[in-house]
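Next comes my_file-v3.cif, a file with mmCIF, C-alpha atoms and all ligand atoms.
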```cif
data_structure
#
loop_
_atom_site.label_atom_id
_atom_site.label_comp_id
_atom_site.auth_asym_id
_atom_site.auth_seq_id
_atom_site.Cartn_x
_atom_site.Cartn_y
_atom_site.Cartn_z
CA MET L 62 115.10 94.07 108.18
CA GLN L 63 115.69 92.00 105.09
CA ALA L 64 116.72 93.97 102.03
CA GLU L 65 114.20 93.92 99.19
CA LYS L 66 114.91 91.39 96.49
CA PRO L 67 116.02 92.93 93.18
CA ASP L 68 113.29 93.18 90.56
CA ILE L 69 115.18 91.86 87.55
CA LYS L 70 112.52 92.72 84.96
CA SER L 71 112.92 96.41 85.83
CA MET L 72 116.70 96.34 85.20
CA ASN L 73 118.30 97.60 82.01
CA LEU L 74 120.91 95.52 80.22
CA GLU L 75 123.78 97.30 81.91
CA GLU L 76 122.41 96.70 85.40
CA LEU L 77 121.60 93.13 84.55
CA THR L 78 125.16 92.59 83.33
CA ALA L 79 126.54 93.90 86.62
CA PHE L 80 124.10 91.67 88.50
CA VAL L 81 125.01 88.55 86.51
CA THR L 82 128.77 89.06 86.74
CA GLU L 83 128.48 89.65 90.47
CA ALA L 84 126.82 86.24 90.66
CA GLY L 85 129.96 84.82 89.04
CA LEU L 86 128.58 84.28 85.53
CA LYS L 87 129.78 85.43 82.14
CA PRO L 88 128.28 88.71 80.86
CA PHE L 89 126.57 87.01 77.88
CA ARG L 90 124.21 85.40 80.39
CA ALA L 91 122.76 88.85 81.04
CA ARG L 92 121.76 89.21 77.39
CA GLN L 93 120.18 85.77 77.45
CA LEU L 94 118.27 86.61 80.58
CA TYR L 95 117.21 89.97 79.15
CA ARG L 96 115.89 88.32 76.01
CA TRP L 97 113.95 85.74 77.94
CA MET L 98 112.23 88.48 79.87
CA HIS L 99 111.69 91.15 77.23
CA ARG L 100 111.68 89.32 73.89
CA GLN L 101 110.42 85.79 74.58
CA LEU L 102 108.17 87.20 77.32
CA ALA L 103 108.86 84.29 79.66
CA ASP L 104 106.20 83.86 82.30
CA SER L 105 108.62 82.27 84.76
CA ILE L 106 112.32 81.67 85.35
CA ASP L 107 111.77 77.94 84.77
CA GLU L 108 111.15 78.59 81.09
CA MET L 109 114.66 79.98 80.60
CA THR L 110 116.08 76.64 79.59
CA ASN L 111 119.39 77.81 78.13
CA LEU L 112 120.46 79.29 81.46
CA PRO L 113 122.37 76.94 83.81
CA ALA L 114 119.95 75.21 86.19
CA ALA L 115 121.93 76.32 89.24
CA PHE L 116 121.70 79.95 88.10
CA ARG L 117 117.95 79.66 87.56
CA GLU L 118 117.61 78.29 91.06
CA GLN L 119 119.71 81.12 92.42
CA LEU L 120 117.53 83.66 90.57
CA LYS L 121 114.39 82.14 92.00
CA GLN L 122 115.80 82.41 95.52
CA SER L 123 117.30 85.86 95.35
CA CYS L 124 115.15 87.89 92.93
CA THR L 125 111.65 89.04 92.31
CA TYR L 126 110.34 87.89 88.94
CA THR L 127 107.36 90.04 88.07
CA SER L 128 104.72 88.21 86.09
CA LEU L 129 101.13 89.39 86.26
CA ARG L 130 98.31 86.90 86.70
CA MET L 131 95.26 87.28 84.50
CA LYS L 132 92.24 87.45 86.75
CA GLN L 133 89.59 88.20 84.20
CA ILE L 134 89.20 89.02 80.51
CA GLN L 135 86.23 90.81 78.96
CA ALA L 136 86.07 90.45 75.20
CA SER L 137 83.97 92.72 73.01
CA GLU L 138 81.79 90.90 70.50
CA GLN L 139 81.79 93.99 68.29
CA ASP L 140 85.37 94.94 67.55
CA GLY L 141 87.88 92.59 69.17
CA THR L 142 88.63 94.92 72.08
CA ARG L 143 89.65 93.00 75.18
CA LYS L 144 89.90 94.27 78.73
CA TYR L 145 92.24 92.46 81.07
CA LEU L 146 92.23 92.51 84.83
CA PHE L 147 95.63 91.61 86.27
CA LEU L 148 96.54 90.58 89.78
CA LEU L 149 99.80 91.92 91.21
CA GLU L 150 102.04 90.12 93.69
CA ASP L 151 100.62 92.02 96.68
CA GLY L 152 96.95 91.50 95.82
CA ASN L 153 96.46 94.85 94.07
CA MET L 154 94.77 94.80 90.70
CA VAL L 155 95.21 96.77 87.51
CA GLU L 156 93.41 96.80 84.21
CA SER L 157 94.68 97.06 80.65
CA VAL L 158 92.97 97.10 77.26
CA PHE L 159 93.84 95.56 73.91
CA MET L 160 92.46 97.41 70.89
CA ARG L 161 92.70 96.88 67.16
CA TYR L 162 93.27 100.02 65.16
CA LYS L 163 94.08 100.36 61.48
CA THR L 164 97.48 101.69 62.54
CA GLY L 165 98.24 98.56 64.57
CA ASN L 166 97.43 96.63 67.72
CA THR L 167 97.37 98.93 70.70
CA VAL L 168 97.59 98.22 74.41
CA CYS L 169 96.42 100.74 76.97
CA ILE L 170 98.20 100.25 80.29
CA SER L 171 97.81 101.46 83.87
CA SER L 172 100.65 103.28 85.60
CA GLN L 173 99.38 103.13 89.19
CA ALA L 174 97.04 100.96 91.25
CA GLY L 175 94.35 103.59 91.77
CA CYS L 176 94.98 107.31 91.39
CA ARG L 177 95.23 110.30 93.68
CA MET L 178 94.35 113.03 91.17
CA GLY L 179 90.66 112.99 92.05
CA CYS L 180 89.17 114.00 88.66
CA LYS L 181 85.44 114.34 89.20
CA PHE L 182 84.32 112.21 86.25
CA CYS L 183 86.79 109.33 86.56
CA ALA L 184 86.13 105.89 88.06
CA SER L 185 89.81 105.35 88.90
CA ALA L 186 89.81 108.26 91.32
CA ILE L 187 87.01 106.98 93.52
CA ASN L 188 89.11 104.87 95.89
CA GLY L 189 92.30 106.94 95.72
CA LEU L 190 95.83 105.73 95.16
CA SER L 191 96.90 102.34 96.41
CA ARG L 192 100.48 102.44 95.07
CA ASN L 193 102.76 103.20 92.16
CA LEU L 194 103.48 100.43 89.69
CA LEU L 195 107.02 99.19 89.10
CA PRO L 196 108.46 99.46 85.58
CA SER L 197 108.21 95.67 85.34
CA GLU L 198 104.52 95.78 86.26
CA MET L 199 103.84 98.30 83.50
CA LEU L 200 105.82 96.26 80.98
CA ASP L 201 104.22 92.99 81.91
CA GLN L 202 100.75 94.31 81.04
CA VAL L 203 102.00 94.61 77.45
CA TYR L 204 103.90 91.32 77.59
CA ARG L 205 101.07 89.21 78.96
CA ILE L 206 98.64 90.64 76.41
CA GLN L 207 101.02 90.05 73.51
CA ALA L 208 101.56 86.47 74.74
CA ASP L 209 97.80 85.97 75.05
CA ARG L 210 96.93 87.42 71.64
CA LYS L 211 99.96 85.95 69.84
CA GLU L 212 99.93 89.08 67.69
CA ARG L 213 102.48 91.83 67.70
CA ILE L 214 101.63 94.89 69.76
CA SER L 215 102.89 97.93 67.87
CA HIS L 216 101.40 100.78 69.91
CA VAL L 217 101.23 101.47 73.64
CA VAL L 218 99.22 104.20 75.35
CA VAL L 219 99.69 105.00 79.02
CA MET L 220 96.06 106.00 79.51
CA GLY L 221 94.71 103.44 81.93
CA THR L 222 94.37 103.86 85.67
CA GLY L 223 96.81 106.24 87.34
CA GLU L 224 98.71 109.40 86.55
CA PRO L 225 101.95 108.44 84.77
CA LEU L 226 103.71 111.70 85.65
CA ASP L 227 102.95 111.01 89.32
CA ASN L 228 105.13 107.90 88.93
CA TYR L 229 107.77 109.64 86.87
CA ASP L 230 110.96 107.62 87.44
CA SER L 231 109.26 104.29 86.89
CA LEU L 232 107.53 105.66 83.81
CA LEU L 233 110.83 106.71 82.27
CA ARG L 234 112.42 103.36 82.92
CA PHE L 235 109.36 101.61 81.53
CA LEU L 236 109.56 103.67 78.33
CA SER L 237 113.21 102.91 77.86
CA LEU L 238 112.76 99.15 78.36
CA LEU L 239 109.67 99.06 76.13
CA CYS L 240 111.52 100.64 73.22
CA GLN L 241 114.81 98.70 73.69
CA GLU L 242 116.13 96.90 70.66
CA GLU L 243 116.69 93.73 72.69
CA GLY L 244 113.09 93.78 73.88
CA LEU L 245 109.79 94.42 72.09
CA HIS L 246 111.48 97.34 70.36
CA ILE L 247 108.34 99.44 70.11
CA SER L 248 108.94 102.69 68.28
CA GLN L 249 108.86 105.74 70.55
CA ARG L 250 106.57 107.38 68.02
CA ASN L 251 104.00 104.68 68.70
CA VAL L 252 103.88 105.42 72.42
CA THR L 253 101.56 107.98 74.02
CA VAL L 254 101.65 109.18 77.62
CA SER L 255 98.53 110.90 78.91
CA THR L 256 98.71 113.34 81.81
CA CYS L 257 96.31 115.52 83.76
CA GLY L 258 98.96 118.25 83.67
CA ILE L 259 101.75 117.95 86.23
CA VAL L 260 103.72 120.89 84.89
CA PRO L 261 107.25 120.29 86.27
CA ASN L 262 107.21 116.70 85.04
CA ILE L 263 105.93 117.66 81.58
CA ARG L 264 109.00 119.89 81.37
CA ARG L 265 111.32 117.18 82.66
CA LEU L 266 109.89 114.77 80.12
CA ALA L 267 110.35 117.35 77.36
CA ASP L 268 114.02 117.67 78.33
CA GLN L 269 114.46 113.95 77.71
CA ARG L 270 113.69 114.69 74.06
CA LEU L 271 111.98 111.36 73.50
CA GLN L 272 109.84 110.91 70.42
CA ILE L 273 106.76 109.82 72.33
CA THR L 274 103.44 111.66 72.05
CA LEU L 275 102.25 113.68 74.98
CA ALA L 276 98.49 113.69 75.52
CA LEU L 277 97.20 116.38 77.83
CA SER L 278 93.84 115.97 79.54
CA LEU L 279 92.39 119.44 79.15
CA HIS L 280 88.61 118.94 79.42
CA ALA L 281 87.88 122.65 79.92
CA PRO L 282 88.76 125.87 78.09
CA SER L 283 89.11 128.05 81.20
CA GLN L 284 90.83 127.89 84.57
CA GLY L 285 87.50 128.19 86.42
CA LYS L 286 85.80 125.31 84.64
CA ARG L 287 88.88 123.13 84.74
CA GLU L 288 89.22 123.52 88.51
CA LYS L 289 85.70 122.23 88.97
CA LEU L 290 86.46 119.05 87.05
CA MET L 291 90.08 118.40 87.98
CA PRO L 292 91.52 119.24 91.42
CA ILE L 293 95.06 119.23 89.95
CA ALA L 294 94.10 122.43 88.07
CA LYS L 295 94.24 124.30 91.40
CA ARG L 296 97.88 123.33 91.73
CA TYR L 297 98.95 124.05 88.15
CA ALA L 298 97.23 126.89 86.33
CA LEU L 299 95.90 126.31 82.84
CA GLU L 300 98.20 128.96 81.49
CA ASP L 301 101.27 127.14 82.83
CA VAL L 302 100.01 123.79 81.59
CA LEU L 303 99.69 125.20 78.08
CA LEU L 304 103.12 126.80 78.29
CA ALA L 305 104.58 123.44 79.31
CA CYS L 306 102.88 121.84 76.29
CA ARG L 307 104.40 124.45 73.99
CA TYR L 308 107.76 123.67 75.61
CA TYR L 309 107.21 119.96 74.94
CA PHE L 310 106.70 120.69 71.26
CA GLU L 311 109.76 122.97 71.14
CA LYS L 312 112.01 120.33 72.68
CA THR L 313 110.72 117.25 70.88
CA GLY L 314 109.05 118.48 67.69
CA ARG L 315 106.12 116.24 68.60
CA ARG L 316 102.64 117.59 68.18
CA VAL L 317 100.73 117.50 71.47
CA THR L 318 97.32 115.81 71.67
CA PHE L 319 94.71 117.52 73.82
CA GLU L 320 92.06 115.25 75.24
CA TYR L 321 88.76 116.95 75.74
CA SER L 322 86.02 114.83 77.30
CA LEU L 323 82.62 116.32 76.63
CA PHE L 324 80.11 116.56 79.46
CA ALA L 325 76.61 117.67 78.47
CA GLY L 326 75.81 121.12 79.78
CA VAL L 327 79.26 121.52 81.37
CA ASN L 328 81.88 122.13 78.68
CA ASP L 329 80.11 121.61 75.34
CA THR L 330 78.74 125.03 74.35
CA PRO L 331 79.77 127.05 71.25
CA GLU L 332 81.41 129.51 73.66
CA ASP L 333 83.48 126.67 75.14
CA ALA L 334 84.61 125.73 71.63
CA ARG L 335 85.54 129.34 70.84
CA LEU L 336 87.52 129.72 74.05
CA LEU L 337 89.25 126.38 73.56
CA ALA L 338 90.32 127.38 70.03
CA LYS L 339 91.64 130.65 71.42
CA GLN L 340 93.69 128.88 74.10
CA LEU L 341 95.26 126.60 71.50
CA SER L 342 95.79 129.17 68.78
CA GLY L 343 99.16 128.99 67.08
CA MET L 344 99.97 125.68 68.69
CA SER L 345 100.96 122.59 66.78
CA CYS L 346 98.42 120.26 68.27
CA HIS L 347 95.49 117.98 67.81
CA VAL L 348 92.26 117.79 69.82
CA ASN L 349 90.67 114.46 70.60
CA LEU L 350 87.03 114.71 71.67
CA ILE L 351 85.78 111.99 73.99
CA PRO L 352 82.07 111.85 74.86
CA VAL L 353 82.14 111.08 78.58
CA ASN L 354 81.73 107.47 79.57
CA PRO L 355 79.11 107.68 82.27
CA VAL L 356 80.35 106.24 85.57
CA ARG L 357 77.69 105.02 88.00
CA GLU L 358 78.97 107.09 90.93
CA ARG L 359 79.29 110.29 88.89
CA ASP L 360 76.53 112.26 87.27
CA PHE L 361 78.09 113.41 84.03
CA MET L 362 76.27 112.66 80.80
CA PRO L 363 77.60 112.64 77.24
CA PRO L 364 76.32 115.31 74.87
CA LYS L 365 73.79 114.44 72.20
CA ARG L 366 75.25 113.43 68.85
CA GLU L 367 74.36 116.82 67.28
CA ALA L 368 76.03 118.75 70.09
CA LEU L 369 79.15 116.63 69.70
CA LEU L 370 79.30 117.21 65.95
CA SER L 371 78.63 120.90 66.23
CA PHE L 372 81.38 121.25 68.87
CA LYS L 373 83.74 119.57 66.43
CA LYS L 374 82.60 121.81 63.54
CA ASN L 375 83.08 124.89 65.67
CA LEU L 376 86.65 123.95 66.48
CA GLU L 377 87.35 123.25 62.82
CA LYS L 378 85.97 126.64 61.93
CA TYR L 379 88.71 128.14 64.10
CA GLY L 380 91.32 126.03 62.35
CA ILE L 381 91.81 123.41 65.04
CA ASN L 382 92.77 119.91 64.04
CA VAL L 383 90.16 117.71 65.71
CA THR L 384 88.89 114.12 65.80
CA ILE L 385 86.26 112.28 67.78
CA ARG L 386 87.68 109.29 69.59
CA ARG L 387 86.39 106.11 68.05
CA GLU L 388 84.46 104.23 70.67
CA LEU L 389 85.77 100.71 71.08
CA GLY L 390 84.44 98.05 73.37
CA SER L 391 81.25 99.91 74.20
CA ASP L 392 79.64 96.58 75.06
CA ILE L 393 82.17 95.95 77.86
CA ASP L 394 83.01 98.15 80.88
CA ALA L 395 84.72 100.79 78.83
CA ALA L 396 85.33 103.71 81.17
CA CYS L 397 88.68 103.94 82.88
CA GLY L 398 88.93 101.92 86.03
CA GLN L 399 85.47 100.41 85.86
CA LEU L 400 86.45 96.78 85.48
CA ARG L 401 88.91 96.97 88.37
CA LYS L 402 86.42 98.81 90.53
CA ARG L 403 83.54 96.41 89.87
CA TYR L 404 85.75 93.44 90.56
CA MET L 405 86.91 94.87 93.88
CA GLU L 406 83.31 95.62 94.89
CA ARG L 407 82.18 92.13 94.07
CA ARG L 408 85.07 90.66 96.03
CA CYS L 409 84.14 92.76 99.05
CA MET L 410 80.54 91.59 98.91
CA THR L 411 81.33 87.86 98.88
N1 LIG D 1 96.03 110.31 84.44
C1 LIG D 1 96.05 110.38 83.01
C2 LIG D 1 95.40 109.15 82.35
C3 LIG D 1 93.94 109.10 82.67
S1 LIG D 1 92.82 108.17 81.70
C4 LIG D 1 95.37 111.65 82.54
O1 LIG D 1 94.76 112.32 83.35
O2 LIG D 1 95.48 111.98 81.36
C5 LIG D 1 92.86 108.79 80.08
C6 LIG D 1 91.85 109.87 79.71
O3 LIG D 1 90.48 109.51 79.97
C7 LIG D 1 92.08 111.17 80.44
O4 LIG D 1 91.95 112.22 79.53
C8 LIG D 1 90.94 111.19 81.44
O5 LIG D 1 90.68 112.49 81.89
C9 LIG D 1 89.83 110.58 80.62
N2 LIG D 1 88.70 110.03 81.39
C10 LIG D 1 88.68 109.49 82.62
N3 LIG D 1 87.45 109.10 82.96
C11 LIG D 1 86.66 109.38 81.91
C12 LIG D 1 85.27 109.21 81.65
N4 LIG D 1 84.47 108.66 82.54
N5 LIG D 1 84.81 109.62 80.45
C13 LIG D 1 85.64 110.16 79.52
N6 LIG D 1 86.94 110.36 79.71
C14 LIG D 1 87.45 109.98 80.90
#
```
Target encoding structure tokens, full file:
Amino acid sequence: MQAEKPDIKSMNLEELTAFVTEAGLKPFRARQLYRWMHRQLADSIDEMTNLPAAFREQLKQSCTYTSLRMKQIQASEQDGTRKYLFLLEDGNMVESVFMRYKTGNTVCISSQAGCRMGCKFCASAINGLSRNLLPSEMLDQVYRIQADRKERISHVVVMGTGEPLDNYDSLLRFLSLLCQEEGLHISQRNVTVSTCGIVPNIRRLADQRLQITLALSLHAPSQGKREKLMPIAKRYALEDVLLACRYYFEKTGRRVTFEYSLFAGVNDTPEDARLLAKQLSGMSCHVNLIPVNPVRERDFMPPKREALLSFKKNLEKYGINVTIRRELGSDIDAACGQLRKRYMERRCMT
């Protein structure tokens, strides 16, 4: 069997230097190559004009150069939000979103093609996991969008399709390359990783002591309710998830964000708010309320405006720091995984 070709965009500078010197070139070529990939965001090896032509040819023969192809873009007329559908080398597809916030331009990326966590309200879970993404495939979502927009991306959230802590090693490498000085040099503080609560990997991540924000998808104030919404809750008890979040804060000093999607009649009562506040008491955290994005195949509905506001007020009454997620791109397929899913369905029908 032929050995897999090295994926150069997933290599760090040290590995790239070893690779380049092994090919008989001077080490400074590695820095040039690194910059072409991660700073100039080159779409192909051919663009790297200050590298010797013979070396470029050699790279093309012996390496994989990950560069995602834009399959479709949906642009919101309302707020500049853009959803991108990207095609991977093997025919898989992933989606990413560009959003404009006051704090800076933000890209939301996918960490897997599909997802195996099976959350009951999520479009990405419907067809299961196809495969993990490579670090280069995560990075290139940011790169292609920055190249398309010609505006600096300052914030990245790993909140698209997939469970980032189910692709832990690639996630860590992605984070390190994303924040590298020689690359886009995005501040760790401007990066958020959202997880459904894979406890051992939250702890491993905490031990890395990065300055990224951890967002925890809570969605329910009790073990019983959470299990009904998220199968992963059966594997990791709510109590242990919350302990892991406290550990994350201890190790990193970073306040944890709890995501709480509101489903009418399921988790939006005053009692739910009271219990939620109790679970989070004494914790340095922030709650982000997200009215559910209805997904065609699922029958969850968002609460009425008054119920949403009173849930927020109730939490505030108990001293919880809480915001309602600003809805962006509501005129385009906004819910996670919907663009990818619709595209795949259409392709199957034709
Ligand atoms: N696997 C990661 C990232 C998932 S998507 C995680 O579980 O955190 C980011 C957030 O959107 C998660 O909190 C997820 O639970 C939530 N989400 C998924 N589908 C949704 C929907 N239809 N409506 C509202 N929130 C949804």
Give the centre and edge lengths of an axis-aligned box, in Å to one decimal, that holds all listed atoms of ligand LIG 1 (chain D) with 6 Å on each side, as JSON.
```
{"center_x": 90.3, "center_y": 110.3, "center_z": 82.0, "size_x": 23.6, "size_y": 16.3, "size_z": 16.9}
```
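With the cut-off set to 7 Å and only C-alpha atoms and all ligand atoms counted, the residues surrounding ligand LIG 1 (chain D) are L:Phe182, L:Cys183, L:Ala184, L:Val219, L:Met220, L:Gly221, L:Thr222, L:Gly223, L:Glu224, L:Pro225, L:Ser255, L:Thr256, L:Cys257, L:Ala276, L:Leu277, L:Ser278, L:Glu320, L:Tyr321, L:Ser322, L:Ile351, L:Pro352, L:Val353, L:Asn354, L:Pro355, L:Val356, L:Ala396, L:Cys397.
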Using all atoms listed in the file, collect all residues at a distance of at most 12 Å from (84.2, 92.8, 73.7) as written in the file, then present them as a PDB file with C-alpha atoms, in the coordinates of the input.
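What follows is the written file out.pdb:
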```
ATOM      1  CA  ILE L 134      89.200  89.020  80.510  1.00  0.00           C
ATOM      2  CA  GLN L 135      86.230  90.810  78.960  1.00  0.00           C
ATOM      3  CA  ALA L 136      86.070  90.450  75.200  1.00  0.00           C
ATOM      4  CA  SER L 137      83.970  92.720  73.010  1.00  0.00           C
ATOM      5  CA  GLU L 138      81.790  90.900  70.500  1.00  0.00           C
ATOM      6  CA  GLN L 139      81.790  93.990  68.290  1.00  0.00           C
ATOM      7  CA  ASP L 140      85.370  94.940  67.550  1.00  0.00           C
ATOM      8  CA  GLY L 141      87.880  92.590  69.170  1.00  0.00           C
ATOM      9  CA  THR L 142      88.630  94.920  72.080  1.00  0.00           C
ATOM     10  CA  ARG L 143      89.650  93.000  75.180  1.00  0.00           C
ATOM     11  CA  LYS L 144      89.900  94.270  78.730  1.00  0.00           C
ATOM     12  CA  TYR L 145      92.240  92.460  81.070  1.00  0.00           C
ATOM     13  CA  VAL L 158      92.970  97.100  77.260  1.00  0.00           C
ATOM     14  CA  PHE L 159      93.840  95.560  73.910  1.00  0.00           C
ATOM     15  CA  MET L 160      92.460  97.410  70.890  1.00  0.00           C
ATOM     16  CA  ARG L 161      92.700  96.880  67.160  1.00  0.00           C
ATOM     17  CA  GLU L 388      84.460 104.230  70.670  1.00  0.00           C
ATOM     18  CA  LEU L 389      85.770 100.710  71.080  1.00  0.00           C
ATOM     19  CA  GLY L 390      84.440  98.050  73.370  1.00  0.00           C
ATOM     20  CA  SER L 391      81.250  99.910  74.200  1.00  0.00           C
ATOM     21  CA  ASP L 392      79.640  96.580  75.060  1.00  0.00           C
ATOM     22  CA  ILE L 393      82.170  95.950  77.860  1.00  0.00           C
ATOM     23  CA  ASP L 394      83.010  98.150  80.880  1.00  0.00           C
ATOM     24  CA  ALA L 395      84.720 100.790  78.830  1.00  0.00           C
TER      25      ALA L 395
END
```
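Residue nearest L:Pro67, chosen from L:Val327, L:Met178, L:Leu195, L:Ile214 and counting only C-alpha atoms: L:Leu195.
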So which residues touch L:Lys70 within 7 Å, counting all atoms listed in the file, skipping near sequence neighbours fewer than 3 positions away, as a PyMOL selection string?
chain L and resi 98+126-127+197
What does the distance from atom CA of L:Phe89 to atom CA of L:Leu112 come to in Å, to one decimal?
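It comes out at 10.5 Å.
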Counting all atoms listed in the file, note down every residue that has an atom within 12 Å of the point (86.8, 112.6, 90.3) (file coordinates), as a PDB file with C-alpha atoms, in the frame of the given file.
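What landed in selection.pdb:
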```pdb
ATOM      1  CA  GLY L 175      94.350 103.590  91.770  1.00  0.00           C
ATOM      2  CA  CYS L 176      94.980 107.310  91.390  1.00  0.00           C
ATOM      3  CA  ARG L 177      95.230 110.300  93.680  1.00  0.00           C
ATOM      4  CA  MET L 178      94.350 113.030  91.170  1.00  0.00           C
ATOM      5  CA  GLY L 179      90.660 112.990  92.050  1.00  0.00           C
ATOM      6  CA  CYS L 180      89.170 114.000  88.660  1.00  0.00           C
ATOM      7  CA  LYS L 181      85.440 114.340  89.200  1.00  0.00           C
ATOM      8  CA  PHE L 182      84.320 112.210  86.250  1.00  0.00           C
ATOM      9  CA  CYS L 183      86.790 109.330  86.560  1.00  0.00           C
ATOM     10  CA  ALA L 184      86.130 105.890  88.060  1.00  0.00           C
ATOM     11  CA  SER L 185      89.810 105.350  88.900  1.00  0.00           C
ATOM     12  CA  ALA L 186      89.810 108.260  91.320  1.00  0.00           C
ATOM     13  CA  ILE L 187      87.010 106.980  93.520  1.00  0.00           C
ATOM     14  CA  ASN L 188      89.110 104.870  95.890  1.00  0.00           C
ATOM     15  CA  GLY L 189      92.300 106.940  95.720  1.00  0.00           C
ATOM     16  CA  CYS L 257      96.310 115.520  83.760  1.00  0.00           C
ATOM     17  CA  GLU L 288      89.220 123.520  88.510  1.00  0.00           C
ATOM     18  CA  LYS L 289      85.700 122.230  88.970  1.00  0.00           C
ATOM     19  CA  LEU L 290      86.460 119.050  87.050  1.00  0.00           C
ATOM     20  CA  MET L 291      90.080 118.400  87.980  1.00  0.00           C
ATOM     21  CA  PRO L 292      91.520 119.240  91.420  1.00  0.00           C
ATOM     22  CA  ILE L 293      95.060 119.230  89.950  1.00  0.00           C
ATOM     23  CA  VAL L 356      80.350 106.240  85.570  1.00  0.00           C
ATOM     24  CA  GLU L 358      78.970 107.090  90.930  1.00  0.00           C
ATOM     25  CA  ARG L 359      79.290 110.290  88.890  1.00  0.00           C
ATOM     26  CA  ASP L 360      76.530 112.260  87.270  1.00  0.00           C
ATOM     27  CA  PHE L 361      78.090 113.410  84.030  1.00  0.00           C
ATOM     28  CA  CYS L 397      88.680 103.940  82.880  1.00  0.00           C
ATOM     29  CA  GLY L 398      88.930 101.920  86.030  1.00  0.00           C
TER      30      GLY L 398
END
```
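Among the candidates L:Asp230, L:Tyr309, L:Phe116, L:Gln202, the one nearest to L:Lys87 when counting all atoms listed in the file is L:Phe116.
Excluding L:Arg335 itself and any same-chain residue fewer than 5 positions from it, the protein and nucleic acid residues within 12 Å of it, counting all atoms listed in the file, are Ala281, Pro282, Ser283, Asn328, Asp329, Thr330, Gln340, Leu341, Ser342, Ser371, Phe372, Lys373, Lys374, Asn375, Leu376, Glu377, Lys378, Tyr379, Gly380 and Ile381 of chain L.
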Go ahead and write the selection's residues with C-alpha atoms as an mmCIF file, in the coordinates of the input.
```
data_model
loop_
_atom_site.group_PDB
_atom_site.id
_atom_site.type_symbol
_atom_site.label_atom_id
_atom_site.label_comp_id
_atom_site.auth_asym_id
_atom_site.auth_seq_id
_atom_site.Cartn_x
_atom_site.Cartn_y
_atom_site.Cartn_z
ATOM 1 C CA ALA L 281 87.880 122.650 79.920
ATOM 2 C CA PRO L 282 88.760 125.870 78.090
ATOM 3 C CA SER L 283 89.110 128.050 81.200
ATOM 4 C CA ASN L 328 81.880 122.130 78.680
ATOM 5 C CA ASP L 329 80.110 121.610 75.340
ATOM 6 C CA THR L 330 78.740 125.030 74.350
ATOM 7 C CA GLN L 340 93.690 128.880 74.100
ATOM 8 C CA LEU L 341 95.260 126.600 71.500
ATOM 9 C CA SER L 342 95.790 129.170 68.780
ATOM 10 C CA SER L 371 78.630 120.900 66.230
ATOM 11 C CA PHE L 372 81.380 121.250 68.870
ATOM 12 C CA LYS L 373 83.740 119.570 66.430
ATOM 13 C CA LYS L 374 82.600 121.810 63.540
ATOM 14 C CA ASN L 375 83.080 124.890 65.670
ATOM 15 C CA LEU L 376 86.650 123.950 66.480
ATOM 16 C CA GLU L 377 87.350 123.250 62.820
ATOM 17 C CA LYS L 378 85.970 126.640 61.930
ATOM 18 C CA TYR L 379 88.710 128.140 64.100
ATOM 19 C CA GLY L 380 91.320 126.030 62.350
ATOM 20 C CA ILE L 381 91.810 123.410 65.040
#
```
To one decimal place, how far is atom CA of L:His99 from atom CA of L:Leu200 in Å?
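Going from atom CA of L:His99 over to atom CA of L:Leu200 covers 8.6 Å.
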Using only C-alpha atoms, which residue out of L:Thr313, L:Thr253, L:Asn193, L:Ser237 lies closest to L:Asp268?
L:Thr313
